[in-house]
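Source file run22.cif; content: mmCIF, C-alpha atoms.
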```
data_coords
loop_
_atom_site.label_atom_id
_atom_site.label_comp_id
_atom_site.auth_asym_id
_atom_site.auth_seq_id
_atom_site.Cartn_x
_atom_site.Cartn_y
_atom_site.Cartn_z
CA MET F 1 4.46 160.84 101.57
CA THR F 2 6.50 163.91 102.33
CA ASN F 3 10.06 163.66 103.49
CA ASP F 4 9.11 164.78 107.01
CA ILE F 5 6.70 161.91 107.42
CA LEU F 6 9.17 159.45 105.99
CA LEU F 7 11.81 160.67 108.38
CA GLN F 8 9.37 160.23 111.26
CA TYR F 9 8.61 156.66 110.18
CA THR F 10 12.29 155.90 109.76
CA LYS F 11 13.09 157.18 113.25
CA PHE F 12 10.22 155.17 114.72
CA ILE F 13 11.29 151.91 113.10
CA ALA F 14 14.93 152.45 114.08
CA GLY F 15 13.87 153.17 117.67
CA TYR F 16 11.72 150.04 117.75
CA ALA F 17 14.56 147.87 116.46
CA ALA F 18 17.12 149.34 118.86
CA HIS F 19 14.76 148.89 121.80
CA LEU F 20 14.22 145.21 120.97
CA MET F 21 17.94 144.65 120.60
CA GLY F 22 18.63 146.48 123.86
CA CYS F 23 16.19 144.58 126.04
CA GLY F 24 17.63 141.14 125.38
CA ILE F 25 15.94 139.59 122.37
CA HIS F 26 17.88 137.30 120.06
CA THR F 27 18.93 138.90 116.78
CA SER F 28 16.85 136.92 114.29
CA ARG F 29 13.64 137.81 116.12
CA VAL F 30 14.59 141.50 116.18
CA ILE F 31 15.10 141.42 112.41
CA ARG F 32 11.85 139.56 111.74
CA ASN F 33 9.79 141.84 113.98
CA THR F 34 11.29 145.02 112.56
CA ARG F 35 10.72 143.85 108.97
CA ARG F 36 7.11 143.20 109.87
CA ILE F 37 6.69 146.71 111.27
CA GLY F 38 8.30 148.06 108.10
CA GLU F 39 5.94 145.96 106.00
CA SER F 40 2.93 147.44 107.78
CA LEU F 41 4.12 150.97 106.92
CA ASN F 42 4.84 149.93 103.33
CA PHE F 43 8.63 149.85 103.61
CA ASP F 44 11.10 147.26 102.45
CA LEU F 45 13.77 146.87 105.14
CA GLN F 46 17.37 145.74 105.22
CA ILE F 47 19.12 145.57 108.59
CA SER F 48 22.73 145.09 109.69
CA VAL F 49 23.22 144.48 113.38
CA PHE F 50 26.47 145.15 115.20
CA GLN F 51 27.41 145.00 118.86
CA LYS F 52 26.48 148.55 119.85
CA SER F 53 24.69 149.97 116.85
CA MET F 54 22.54 148.91 113.94
CA ILE F 55 22.09 150.19 110.40
CA LEU F 56 18.67 150.17 108.76
CA THR F 57 18.01 150.91 105.12
CA MET F 58 14.38 151.42 104.25
CA GLN F 59 12.88 151.64 100.82
CA ASP F 60 9.49 153.19 100.29
CA LYS F 61 7.65 150.66 98.12
CA GLU F 62 5.67 153.36 96.28
CA THR F 63 8.29 155.92 95.41
CA GLN F 64 11.35 153.62 95.60
CA LYS F 65 13.09 156.27 97.70
CA THR F 66 15.57 154.86 100.21
CA PHE F 67 16.46 156.13 103.66
CA SER F 68 19.22 154.99 105.96
CA GLU F 69 19.43 155.32 109.68
CA VAL F 70 22.21 154.36 112.05
CA VAL F 71 20.96 153.88 115.57
CA GLU F 72 22.76 153.17 118.79
CA ILE F 73 21.60 150.13 120.76
CA PRO F 74 20.72 151.30 124.29
CA ALA F 75 21.70 149.24 127.33
CA LEU F 76 18.29 148.41 128.80
CA PRO F 77 17.32 145.97 131.53
CA ILE F 78 16.19 142.63 130.07
CA SER F 79 12.44 142.51 129.63
CA PHE F 80 10.54 139.48 128.42
CA GLU F 81 7.35 141.47 128.75
CA HIS F 82 8.57 143.87 126.06
CA ASN F 83 9.70 140.90 124.02
CA SER F 84 6.24 139.34 123.84
CA GLU F 85 4.21 142.56 123.67
CA LEU F 86 6.36 144.16 120.97
CA SER F 87 6.39 140.93 118.95
CA ALA F 88 2.60 140.79 119.21
CA LEU F 89 2.47 144.45 118.15
CA SER F 90 4.43 143.69 114.99
CA TRP F 91 1.94 140.99 114.00
CA GLU F 92 -1.00 143.23 114.85
CA ALA F 93 0.49 146.04 112.79
CA VAL F 94 0.88 143.92 109.70
CA ASP F 95 -2.38 141.96 110.08
CA LYS F 96 -4.61 144.95 110.79
CA ARG F 97 -2.55 147.47 108.79
CA LEU F 98 -2.45 149.77 111.83
CA PRO F 99 -2.04 153.46 110.93
CA PHE F 100 1.18 155.07 112.14
CA ASP F 101 -0.39 157.11 114.98
CA VAL F 102 -2.04 154.06 116.50
CA LEU F 103 1.15 152.05 116.15
CA ASN F 104 3.20 154.77 117.81
CA ASP F 105 0.70 155.11 120.67
CA LYS F 106 0.68 151.38 121.33
CA TYR F 107 4.46 151.24 121.20
CA THR F 108 4.83 154.09 123.70
CA LYS F 109 2.26 152.48 125.97
CA ILE F 110 4.09 149.13 125.96
CA ILE F 111 7.55 150.51 126.65
CA SER F 112 6.37 152.84 129.40
CA ALA F 113 4.39 150.15 131.27
CA PRO F 114 5.75 149.59 134.80
CA ARG F 115 7.95 146.60 135.52
CA ILE F 116 7.23 144.07 138.27
CA ASP F 117 7.54 145.66 141.73
CA PRO F 118 11.26 145.53 142.71
CA LEU F 119 10.50 144.48 146.29
CA PHE F 120 8.44 141.56 145.05
CA VAL F 121 11.29 140.56 142.73
CA LEU F 122 13.70 140.81 145.66
CA LEU F 123 11.61 138.34 147.64
CA LEU F 124 11.20 135.96 144.70
CA VAL F 125 14.93 135.98 144.00
CA GLY F 126 15.61 135.16 147.64
CA PHE F 127 13.30 132.14 147.50
CA ALA F 128 14.70 131.12 144.13
CA ASN F 129 18.28 131.06 145.34
CA ALA F 130 17.28 129.20 148.50
CA SER F 131 15.58 126.55 146.34
CA PHE F 132 18.72 126.39 144.25
CA CYS F 133 20.67 125.64 147.40
CA LYS F 134 18.25 122.78 148.10
CA LEU F 135 18.65 121.42 144.55
CA PHE F 136 22.42 121.27 145.01
CA GLY F 137 21.97 119.27 148.19
CA GLY F 138 22.05 121.99 150.82
CA ASP F 139 20.24 121.51 154.14
CA TRP F 140 17.50 123.72 155.62
CA MET F 141 19.84 125.92 157.65
CA SER F 142 21.93 126.62 154.54
CA MET F 143 18.76 127.54 152.68
CA VAL F 144 17.87 130.14 155.28
CA ILE F 145 21.36 131.62 155.13
CA VAL F 146 21.35 131.67 151.33
CA PHE F 147 17.94 133.34 151.38
CA SER F 148 19.16 136.23 153.51
CA ALA F 149 22.50 136.50 151.73
CA THR F 150 20.74 136.71 148.37
CA ILE F 151 18.29 139.35 149.56
CA ALA F 152 21.17 141.46 150.87
CA GLY F 153 23.23 141.02 147.69
CA PHE F 154 20.32 141.75 145.39
CA PHE F 155 19.37 144.80 147.44
CA VAL F 156 22.91 146.14 147.11
CA ARG F 157 22.70 145.52 143.37
CA MET F 158 19.39 147.39 143.05
CA GLN F 159 20.66 150.37 145.01
CA MET F 160 23.85 150.57 142.95
CA LEU F 161 21.89 150.23 139.70
CA LYS F 162 19.83 153.24 140.73
CA LYS F 163 23.01 155.29 141.12
CA HIS F 164 24.22 154.21 137.64
CA ILE F 165 27.50 152.80 138.89
CA ASN F 166 29.59 150.85 136.37
CA HIS F 167 27.96 147.43 136.06
CA TYR F 168 31.18 145.46 136.45
CA ILE F 169 31.69 147.08 139.84
CA ILE F 170 28.06 146.36 140.73
CA PHE F 171 28.57 142.68 139.98
CA ILE F 172 31.81 142.43 141.97
CA VAL F 173 30.36 144.19 145.02
CA SER F 174 27.05 142.30 145.08
CA SER F 175 28.77 138.97 144.56
CA PHE F 176 31.15 139.78 147.41
CA THR F 177 28.30 140.88 149.68
CA ALA F 178 26.22 137.78 149.06
CA SER F 179 29.08 135.30 149.38
CA LEU F 180 30.49 136.98 152.50
CA LEU F 181 27.10 136.77 154.20
CA ALA F 182 26.73 133.17 153.08
CA SER F 183 30.11 132.38 154.62
CA THR F 184 28.54 132.96 158.05
CA SER F 185 27.34 129.37 157.53
CA LEU F 186 30.90 128.32 158.43
CA ILE F 187 30.03 129.04 162.05
CA PHE F 188 27.56 126.16 162.03
CA ASP F 189 28.27 122.59 161.09
CA ILE F 190 26.28 122.59 157.85
CA THR F 191 26.78 122.36 154.08
CA SER F 192 28.57 125.70 153.91
CA ASP F 193 30.40 125.11 150.62
CA ILE F 194 27.03 124.68 148.92
CA ALA F 195 25.68 127.78 150.66
CA ILE F 196 28.60 129.93 149.47
CA ALA F 197 28.46 128.48 145.95
CA THR F 198 24.74 129.11 145.48
CA SER F 199 24.65 132.53 147.13
CA VAL F 200 26.08 134.24 144.03
CA LEU F 201 24.16 132.31 141.39
CA TYR F 202 21.40 134.94 141.11
CA LEU F 203 24.02 137.11 139.39
CA ILE F 204 24.79 134.66 136.58
CA PRO F 205 23.61 136.38 133.36
CA GLY F 206 21.66 133.39 132.03
CA VAL F 207 19.65 135.31 129.45
CA PRO F 208 22.59 136.71 127.43
CA LEU F 209 24.34 133.34 127.70
CA ILE F 210 21.42 131.51 126.12
CA ASN F 211 20.69 134.33 123.63
CA GLY F 212 24.35 134.32 122.58
CA VAL F 213 24.28 130.62 121.80
CA ILE F 214 20.99 131.03 119.89
CA ASP F 215 22.48 133.89 117.84
CA ILE F 216 25.58 131.89 116.97
CA VAL F 217 23.57 128.84 115.96
CA GLU F 218 21.33 130.99 113.78
CA GLY F 219 24.32 132.53 111.98
CA HIS F 220 24.39 135.93 113.70
CA THR F 221 27.86 135.12 114.91
CA LEU F 222 28.95 138.70 115.49
CA THR F 223 26.17 139.62 117.93
CA GLY F 224 26.26 136.13 119.42
CA ILE F 225 29.94 136.34 120.29
CA SER F 226 29.47 139.87 121.60
CA ARG F 227 26.64 138.75 123.92
CA LEU F 228 28.70 135.79 125.15
CA THR F 229 31.72 138.04 125.70
CA ASN F 230 29.65 140.46 127.77
CA ALA F 231 28.15 137.60 129.76
CA PHE F 232 31.60 136.11 130.27
CA LEU F 233 32.96 139.41 131.61
CA LEU F 234 30.08 139.59 134.08
CA ILE F 235 30.75 136.01 135.18
CA VAL F 236 34.40 136.94 135.72
CA CYS F 237 33.19 139.81 137.92
CA VAL F 238 30.99 137.42 139.93
CA ALA F 239 34.03 135.16 140.26
CA ILE F 240 36.18 138.06 141.49
CA GLY F 241 33.65 138.94 144.17
CA LEU F 242 33.41 135.30 145.18
CA SER F 243 37.20 134.95 145.15
CA ILE F 244 37.63 137.75 147.66
CA THR F 245 35.33 135.87 150.06
CA LEU F 246 37.07 132.57 149.37
CA LEU F 247 40.49 134.10 150.00
CA LEU F 248 39.21 135.31 153.35
CA VAL F 249 37.68 132.01 154.44
CA HIS F 250 39.26 129.20 152.39
CA ASP F 251 41.28 127.75 155.27
CA ARG F 252 38.04 126.87 157.00
CA LEU F 253 36.40 125.47 153.90
CA LEU F 254 38.88 122.63 153.36
CA MET X 1 7.32 106.15 147.57
CA ASN X 2 10.56 107.81 148.51
CA ILE X 3 11.57 108.01 144.87
CA ALA X 4 8.33 109.76 143.95
CA LEU X 5 8.83 112.23 146.79
CA ASP X 6 12.39 112.99 145.66
CA ILE X 7 11.26 113.63 142.09
CA LEU X 8 8.38 115.84 143.21
CA SER X 9 10.49 117.92 145.57
CA ASP X 10 13.14 118.32 142.86
CA GLY X 11 10.52 119.63 140.46
CA PHE X 12 9.00 121.87 143.12
CA PHE X 13 12.25 123.62 144.04
CA ALA X 14 13.21 123.96 140.37
CA ALA X 15 9.89 125.71 139.75
CA ILE X 16 10.49 128.22 142.56
CA ALA X 17 14.03 128.84 141.29
CA ALA X 18 12.75 129.45 137.75
CA ILE X 19 10.05 131.87 138.94
CA GLY X 20 12.55 133.86 141.01
CA PHE X 21 15.31 134.04 138.44
CA GLY X 22 12.76 134.66 135.71
CA ALA X 23 11.30 137.59 137.67
CA ILE X 24 14.60 139.48 137.33
CA SER X 25 14.01 139.57 133.57
CA ASP X 26 10.44 140.89 133.84
CA PRO X 27 8.36 138.23 132.07
CA PRO X 28 4.64 138.83 131.41
CA MET X 29 2.51 137.76 134.39
CA ARG X 30 0.60 135.23 132.30
CA ALA X 31 3.82 133.35 131.50
CA PHE X 32 4.75 132.50 135.11
CA LYS X 33 2.59 129.39 135.43
CA PHE X 34 4.06 127.81 132.32
CA ILE X 35 7.61 128.81 133.26
CA ALA X 36 7.14 127.05 136.60
CA LEU X 37 5.55 124.00 134.98
CA LEU X 38 8.25 123.54 132.35
CA ALA X 39 11.08 124.20 134.80
CA ALA X 40 9.65 121.54 137.14
CA ILE X 41 9.21 118.98 134.35
CA GLY X 42 12.63 119.69 132.86
CA HIS X 43 14.58 119.60 136.08
CA ALA X 44 12.75 116.54 137.43
CA CYS X 45 13.37 114.80 134.12
CA ARG X 46 17.10 115.52 134.36
CA PHE X 47 17.08 114.31 137.97
CA CYS X 48 15.46 111.02 136.92
CA LEU X 49 17.78 110.47 133.96
CA MET X 50 20.83 111.11 136.11
CA SER X 51 19.83 109.22 139.25
CA TYR X 52 17.88 106.28 137.85
CA ALA X 53 18.92 105.87 134.21
CA GLY X 54 22.61 106.43 134.92
CA MET X 55 23.01 109.08 132.22
CA ASP X 56 25.65 111.81 132.38
CA ILE X 57 24.82 115.44 133.14
CA ALA X 58 25.40 116.67 129.58
CA ALA X 59 23.14 114.21 127.76
CA SER X 60 20.38 114.41 130.36
CA SER X 61 20.49 118.23 130.31
CA PHE X 62 20.17 118.14 126.55
CA ILE X 63 17.14 115.85 126.65
CA SER X 64 15.46 117.96 129.34
CA ALA X 65 16.16 121.15 127.37
CA LEU X 66 14.58 119.51 124.33
CA ILE X 67 11.45 118.75 126.38
CA ILE X 68 11.34 122.33 127.67
CA GLY X 69 11.77 123.63 124.12
CA PHE X 70 8.86 121.58 122.75
CA GLY X 71 6.77 122.50 125.78
CA SER X 72 7.38 126.20 125.23
CA LEU X 73 6.43 125.86 121.55
CA TRP X 74 3.14 124.27 122.54
CA LEU X 75 2.33 126.53 125.51
CA GLY X 76 3.67 129.75 123.99
CA GLY X 77 0.90 129.77 121.40
CA LYS X 78 -1.75 129.56 124.14
CA ILE X 79 -0.65 132.79 125.83
CA TYR X 80 0.86 134.61 122.82
CA CYS X 81 4.41 134.58 124.10
CA PRO X 82 7.55 133.88 122.05
CA MET X 83 9.25 130.58 122.90
CA THR X 84 12.30 132.25 124.44
CA VAL X 85 10.13 134.13 126.96
CA ILE X 86 9.09 130.80 128.45
CA TYR X 87 12.08 128.57 127.92
CA ILE X 88 14.93 130.85 129.01
CA PRO X 89 13.61 131.26 132.60
CA ALA X 90 12.72 127.55 132.63
CA LEU X 91 16.29 126.63 131.70
CA LEU X 92 17.91 128.83 134.36
CA PRO X 93 17.66 126.26 137.23
CA MET X 94 19.55 123.78 135.07
CA ILE X 95 22.60 126.01 134.63
CA PRO X 96 25.31 124.02 136.45
CA GLY X 97 26.15 126.53 139.18
CA LYS X 98 27.94 124.05 141.42
CA PHE X 99 30.39 123.21 138.63
CA ALA X 100 30.89 126.88 137.81
CA TYR X 101 31.67 127.57 141.47
CA ASN X 102 34.13 124.65 141.63
CA THR X 103 35.90 126.04 138.56
CA VAL X 104 36.51 129.35 140.32
CA PHE X 105 37.35 127.68 143.61
CA SER X 106 39.94 125.36 142.01
CA GLN X 107 41.47 128.25 140.11
CA ILE X 108 42.10 130.11 143.36
CA MET X 109 43.40 127.01 145.11
CA PHE X 110 45.69 126.26 142.14
CA LEU X 111 47.23 129.72 142.38
CA GLN X 112 47.62 129.38 146.15
CA ASN X 113 49.33 125.98 145.94
CA MET X 114 51.80 126.59 143.13
CA LYS X 115 54.65 125.24 145.26
CA VAL X 116 52.99 121.94 146.17
CA PRO X 117 53.08 119.71 143.06
CA GLU X 118 50.39 117.20 144.17
CA LEU X 119 47.88 119.89 145.14
CA LYS X 120 48.72 121.90 142.03
CA ALA X 121 47.96 118.90 139.80
CA LYS X 122 44.80 118.11 141.75
CA TYR X 123 43.37 121.63 141.40
CA MET X 124 44.41 121.86 137.76
CA GLU X 125 42.47 118.68 137.03
CA MET X 126 39.52 119.96 139.06
CA PHE X 127 39.57 123.26 137.15
CA PHE X 128 39.42 121.63 133.74
CA SER X 129 36.87 118.95 134.51
CA ASN X 130 34.48 121.40 136.18
CA GLY X 131 34.99 124.05 133.52
CA MET X 132 34.31 121.56 130.76
CA VAL X 133 31.06 120.40 132.34
CA THR X 134 29.92 124.01 132.85
CA ILE X 135 30.56 125.08 129.26
CA THR X 136 29.20 121.92 127.65
CA VAL X 137 26.01 121.90 129.69
CA ILE X 138 25.22 125.58 129.06
CA PHE X 139 25.80 125.11 125.33
CA LEU X 140 23.66 121.96 125.17
CA LEU X 141 20.87 123.59 127.19
CA ALA X 142 20.60 126.45 124.71
CA ILE X 143 20.85 124.18 121.66
CA GLY X 144 18.36 121.65 123.01
CA ALA X 145 15.68 124.24 123.71
CA THR X 146 16.26 125.97 120.37
CA ILE X 147 16.00 122.85 118.18
CA PRO X 148 12.16 122.88 118.20
CA MET X 149 12.37 126.45 116.86
CA PHE X 150 14.35 125.18 113.87
CA ILE X 151 12.09 122.23 113.19
CA PHE X 152 8.79 124.10 113.41
CA HIS X 153 10.02 127.54 112.42
CA SER X 154 6.85 128.86 110.82
CA LYS X 155 4.82 128.01 113.94
CA ALA X 156 7.57 129.25 116.26
CA PHE X 157 7.75 132.59 114.47
CA SER X 158 4.03 133.31 114.69
CA LEU X 159 3.27 132.44 118.33
CA THR X 160 2.45 136.06 119.16
CA ARG X 161 0.06 136.42 116.20
CA HIS X 162 -3.53 136.84 117.39
CA ILE X 163 -5.48 135.88 114.26
CA ASN X 164 -5.46 132.95 111.81
CA LYS X 165 -5.09 130.34 114.51
#
```

What is this file in structure tokens?
Amino acid sequence: MTNDILLQYTKFIAGYAAHLMGCGIHTSRVIRNTRRIGESLNFDLQISVFQKSMILTMQDKETQKTFSEVVEIPALPISFEHNSELSALSWEAVDKRLPFDVLNDKYTKIISAPRIDPLFVLLLVGFANASFCKLFGGDWMSMVIVFSATIAGFFVRMQMLKKHINHYIIFIVSSFTASLLASTSLIFDITSDIAIATSVLYLIPGVPLINGVIDIVEGHTLTGISRLTNAFLLIVCVAIGLSITLLLVHDRLL
Amino acid sequence: MNIALDILSDGFFAAIAAIGFGAISDPPMRAFKFIALLAAIGHACRFCLMSYAGMDIAASSFISALIIGFGSLWLGGKIYCPMTVIYIPALLPMIPGKFAYNTVFSQIMFLQNMKVPELKAKYMEMFFSNGMVTITVIFLLAIGATIPMFIFHSKAFSLTRHINK
């Protein structure tokens, strides 16, 4: 293999690993999948993962040449679809010994596939939060209010995401929007504390919370703590947004 | 009869919640039915343990998470999805949002009532008890669902493999 080709392979593997890490997959799976891809291209791989970057050292098994690549982990939206498809790709690559071109094509196809329609997600999230309200003991009227508050809050979040506004600000504003709308339940004699409490729960970053605990338990303490810290900061932002609403209405809540 | 209805409706609403919150994280379409199924079983199981077996929220969450974890190991292989793709959305309805909200609420009320000793003590106590439940339950949920991955690691690591099965 010439150096050009090796460089191309190295870049591809580094990009694959960084993409997995960026779209919310726990660290041990990222390492296993990337090793498998390396294996299929006849590389031996060593990987160090940090919070915002990762270092890969690859050794060509034939020539014993080593290459290193430092790659930045991009901030991508969480995607379980990519998780399962890219994991499956790594097995396919090693089982069928896929040539590089085919592998690259399949990879590009997977990561450029469209996500679920945002409007459909919006509707599902609304129903989900309304069901949550029911689970916490809310009545039907509260559920309707939570449904509309969630839709409004999530819509604000989607619009702000499109404009690439700082994500802490996005979380504060959408949490404030949703909880303020949910506080209209105070007008009626219903379970309004439950309505306000559940209206912001769609913002809780459950995936990084659970991934962080998994990472820590599996010994990837550094990335685990970093995921939990990020999730914690987002929860603080949700709490700030909620607090503003509560400060406005708390006299009527007691 | 009423008990059965309560359990069923608990499972039903948990399933809708899991589908909706899962949809934010873009799971594969084929995973939705199992996410809904496991979320319903897990949440209904926690509901039963808490209301009829008198267990506390932490232990019953742990047991339900364990069930969801084993379920995702079994079902994940059928649709070639990693365990986490199924169990993370299924766990989301069990995250103790009401306790998390009460933590924030009591923090604000504590700061607002600094000059009234009884209220200050009341909200301080409320802050710690709610915060402790929130943190413990989230931690136990993640651990419980991950344990099957540790026990059957070779199977768990090859769920997305299409041959040799």

For chain F, list the residues within 7 Å of chain X, counting all atoms listed in the file, and write the list as a PDB file with C-alpha atoms, keeping the file's coordinate frame.
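Contents of part.pdb, freshly written:
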```pdb
ATOM      1  CA  ILE F  78      16.190 142.630 130.070  1.00  0.00           C
ATOM      2  CA  SER F  79      12.440 142.510 129.630  1.00  0.00           C
ATOM      3  CA  PHE F  80      10.540 139.480 128.420  1.00  0.00           C
ATOM      4  CA  GLU F  81       7.350 141.470 128.750  1.00  0.00           C
ATOM      5  CA  SER F  84       6.240 139.340 123.840  1.00  0.00           C
ATOM      6  CA  SER F  87       6.390 140.930 118.950  1.00  0.00           C
ATOM      7  CA  ALA F  88       2.600 140.790 119.210  1.00  0.00           C
ATOM      8  CA  TRP F  91       1.940 140.990 114.000  1.00  0.00           C
ATOM      9  CA  ARG F 115       7.950 146.600 135.520  1.00  0.00           C
ATOM     10  CA  ILE F 116       7.230 144.070 138.270  1.00  0.00           C
ATOM     11  CA  VAL F 121      11.290 140.560 142.730  1.00  0.00           C
ATOM     12  CA  LEU F 124      11.200 135.960 144.700  1.00  0.00           C
ATOM     13  CA  VAL F 125      14.930 135.980 144.000  1.00  0.00           C
ATOM     14  CA  PHE F 127      13.300 132.140 147.500  1.00  0.00           C
ATOM     15  CA  ALA F 128      14.700 131.120 144.130  1.00  0.00           C
ATOM     16  CA  ASN F 129      18.280 131.060 145.340  1.00  0.00           C
ATOM     17  CA  SER F 131      15.580 126.550 146.340  1.00  0.00           C
ATOM     18  CA  PHE F 132      18.720 126.390 144.250  1.00  0.00           C
ATOM     19  CA  LEU F 135      18.650 121.420 144.550  1.00  0.00           C
ATOM     20  CA  ALA F 197      28.460 128.480 145.950  1.00  0.00           C
ATOM     21  CA  THR F 198      24.740 129.110 145.480  1.00  0.00           C
ATOM     22  CA  LEU F 201      24.160 132.310 141.390  1.00  0.00           C
ATOM     23  CA  TYR F 202      21.400 134.940 141.110  1.00  0.00           C
ATOM     24  CA  GLY F 206      21.660 133.390 132.030  1.00  0.00           C
ATOM     25  CA  VAL F 207      19.650 135.310 129.450  1.00  0.00           C
ATOM     26  CA  ILE F 210      21.420 131.510 126.120  1.00  0.00           C
ATOM     27  CA  VAL F 213      24.280 130.620 121.800  1.00  0.00           C
ATOM     28  CA  ILE F 214      20.990 131.030 119.890  1.00  0.00           C
ATOM     29  CA  ALA F 239      34.030 135.160 140.260  1.00  0.00           C
TER      30      ALA F 239
END
```

Would you pick out the contacts of Val238 in chain F at 8 Å or less, using all atoms listed in the file, so that residues sharing its chain but fewer than 4 positions from it are not included, and give the list as a PDB file with C-alpha atoms, in the coordinates of the input?
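The resulting selection01.pdb:
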```pdb
ATOM      1  CA  PHE F 171      28.570 142.680 139.980  1.00  0.00           C
ATOM      2  CA  ILE F 172      31.810 142.430 141.970  1.00  0.00           C
ATOM      3  CA  SER F 175      28.770 138.970 144.560  1.00  0.00           C
ATOM      4  CA  PHE F 176      31.150 139.780 147.410  1.00  0.00           C
ATOM      5  CA  VAL F 200      26.080 134.240 144.030  1.00  0.00           C
ATOM      6  CA  LEU F 203      24.020 137.110 139.390  1.00  0.00           C
ATOM      7  CA  ILE F 204      24.790 134.660 136.580  1.00  0.00           C
ATOM      8  CA  LEU F 234      30.080 139.590 134.080  1.00  0.00           C
ATOM      9  CA  LEU F 242      33.410 135.300 145.180  1.00  0.00           C
TER      10      LEU F 242
END
```

Item to check | Closest of X:Glu125, X:Gly54, X:Ala44, X:Ser106 to Leu246 in chain F - atom-to-atom distances counting all atoms listed in the file | outcome: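 Going through X:Glu125, X:Gly54, X:Ala44, X:Ser106 one by one, the smallest distance to Leu246 in chain F is for X:Ser106.
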
Checklist entry - the PyMOL selection byres ((chain F and resi 249) around 12) on the file shown: which residues, as a list in words? => result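 This file gives the following for the PyMOL selection byres ((chain F and resi 249) around 12): Ser179, Leu180, Leu181, Ala182, Ser183, Thr184, Ser185, Leu186, Ile187, Ser192, Asp193, Ile196, Leu242, Ser243, Ile244, Thr245, Leu246, Leu247, Leu248, His250, Asp251, Arg252, Leu253 and Leu254 of chain F; Phe105 of chain X.
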
Item to check | Selection dump of the PyMOL selection byres ((chain F and resi 157) around 12), as a ChimeraX atom specification | outcome: /F:118,122,150-156,158-178,200,202-203 /X:24

Since we have the selection now, will you write its residues out, keeping C-alpha atoms, as a PDB file, keeping the file's coordinate frame?
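Generated file (again_26.pdb):
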```pdb
ATOM      1  CA  PRO F 118      11.260 145.530 142.710  1.00  0.00           C
ATOM      2  CA  LEU F 122      13.700 140.810 145.660  1.00  0.00           C
ATOM      3  CA  THR F 150      20.740 136.710 148.370  1.00  0.00           C
ATOM      4  CA  ILE F 151      18.290 139.350 149.560  1.00  0.00           C
ATOM      5  CA  ALA F 152      21.170 141.460 150.870  1.00  0.00           C
ATOM      6  CA  GLY F 153      23.230 141.020 147.690  1.00  0.00           C
ATOM      7  CA  PHE F 154      20.320 141.750 145.390  1.00  0.00           C
ATOM      8  CA  PHE F 155      19.370 144.800 147.440  1.00  0.00           C
ATOM      9  CA  VAL F 156      22.910 146.140 147.110  1.00  0.00           C
ATOM     10  CA  MET F 158      19.390 147.390 143.050  1.00  0.00           C
ATOM     11  CA  GLN F 159      20.660 150.370 145.010  1.00  0.00           C
ATOM     12  CA  MET F 160      23.850 150.570 142.950  1.00  0.00           C
ATOM     13  CA  LEU F 161      21.890 150.230 139.700  1.00  0.00           C
ATOM     14  CA  LYS F 162      19.830 153.240 140.730  1.00  0.00           C
ATOM     15  CA  LYS F 163      23.010 155.290 141.120  1.00  0.00           C
ATOM     16  CA  HIS F 164      24.220 154.210 137.640  1.00  0.00           C
ATOM     17  CA  ILE F 165      27.500 152.800 138.890  1.00  0.00           C
ATOM     18  CA  ASN F 166      29.590 150.850 136.370  1.00  0.00           C
ATOM     19  CA  HIS F 167      27.960 147.430 136.060  1.00  0.00           C
ATOM     20  CA  TYR F 168      31.180 145.460 136.450  1.00  0.00           C
ATOM     21  CA  ILE F 169      31.690 147.080 139.840  1.00  0.00           C
ATOM     22  CA  ILE F 170      28.060 146.360 140.730  1.00  0.00           C
ATOM     23  CA  PHE F 171      28.570 142.680 139.980  1.00  0.00           C
ATOM     24  CA  ILE F 172      31.810 142.430 141.970  1.00  0.00           C
ATOM     25  CA  VAL F 173      30.360 144.190 145.020  1.00  0.00           C
ATOM     26  CA  SER F 174      27.050 142.300 145.080  1.00  0.00           C
ATOM     27  CA  SER F 175      28.770 138.970 144.560  1.00  0.00           C
ATOM     28  CA  PHE F 176      31.150 139.780 147.410  1.00  0.00           C
ATOM     29  CA  THR F 177      28.300 140.880 149.680  1.00  0.00           C
ATOM     30  CA  ALA F 178      26.220 137.780 149.060  1.00  0.00           C
ATOM     31  CA  VAL F 200      26.080 134.240 144.030  1.00  0.00           C
ATOM     32  CA  TYR F 202      21.400 134.940 141.110  1.00  0.00           C
ATOM     33  CA  LEU F 203      24.020 137.110 139.390  1.00  0.00           C
TER      34      LEU F 203
ATOM     35  CA  ILE X  24      14.600 139.480 137.330  1.00  0.00           C
TER      36      ILE X  24
END
```

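For the file shown, the residue list from the PyMOL selection byres ((chain X and resi 57) around 10) reads Arg46, Phe47, Leu49, Met50, Gly54, Met55, Asp56, Ala58, Ala59, Ser60, Ser61, Phe62, Pro96, Val133, Thr134, Thr136 and Val137 of chain X.
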
Next on the checklist: Between CA of His26 in chain F and CA of Ile111 in chain F, what distance in Å does the model show, to one decimal?
Outcome noted: 18.0 Å

Checklist entry - Can you tell me how far CA of Leu75 in chain X sits from CA of Leu89 in chain F, in Å to one decimal? => result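 Going from CA of Leu75 in chain X over to CA of Leu89 in chain F, I get 19.4 Å.
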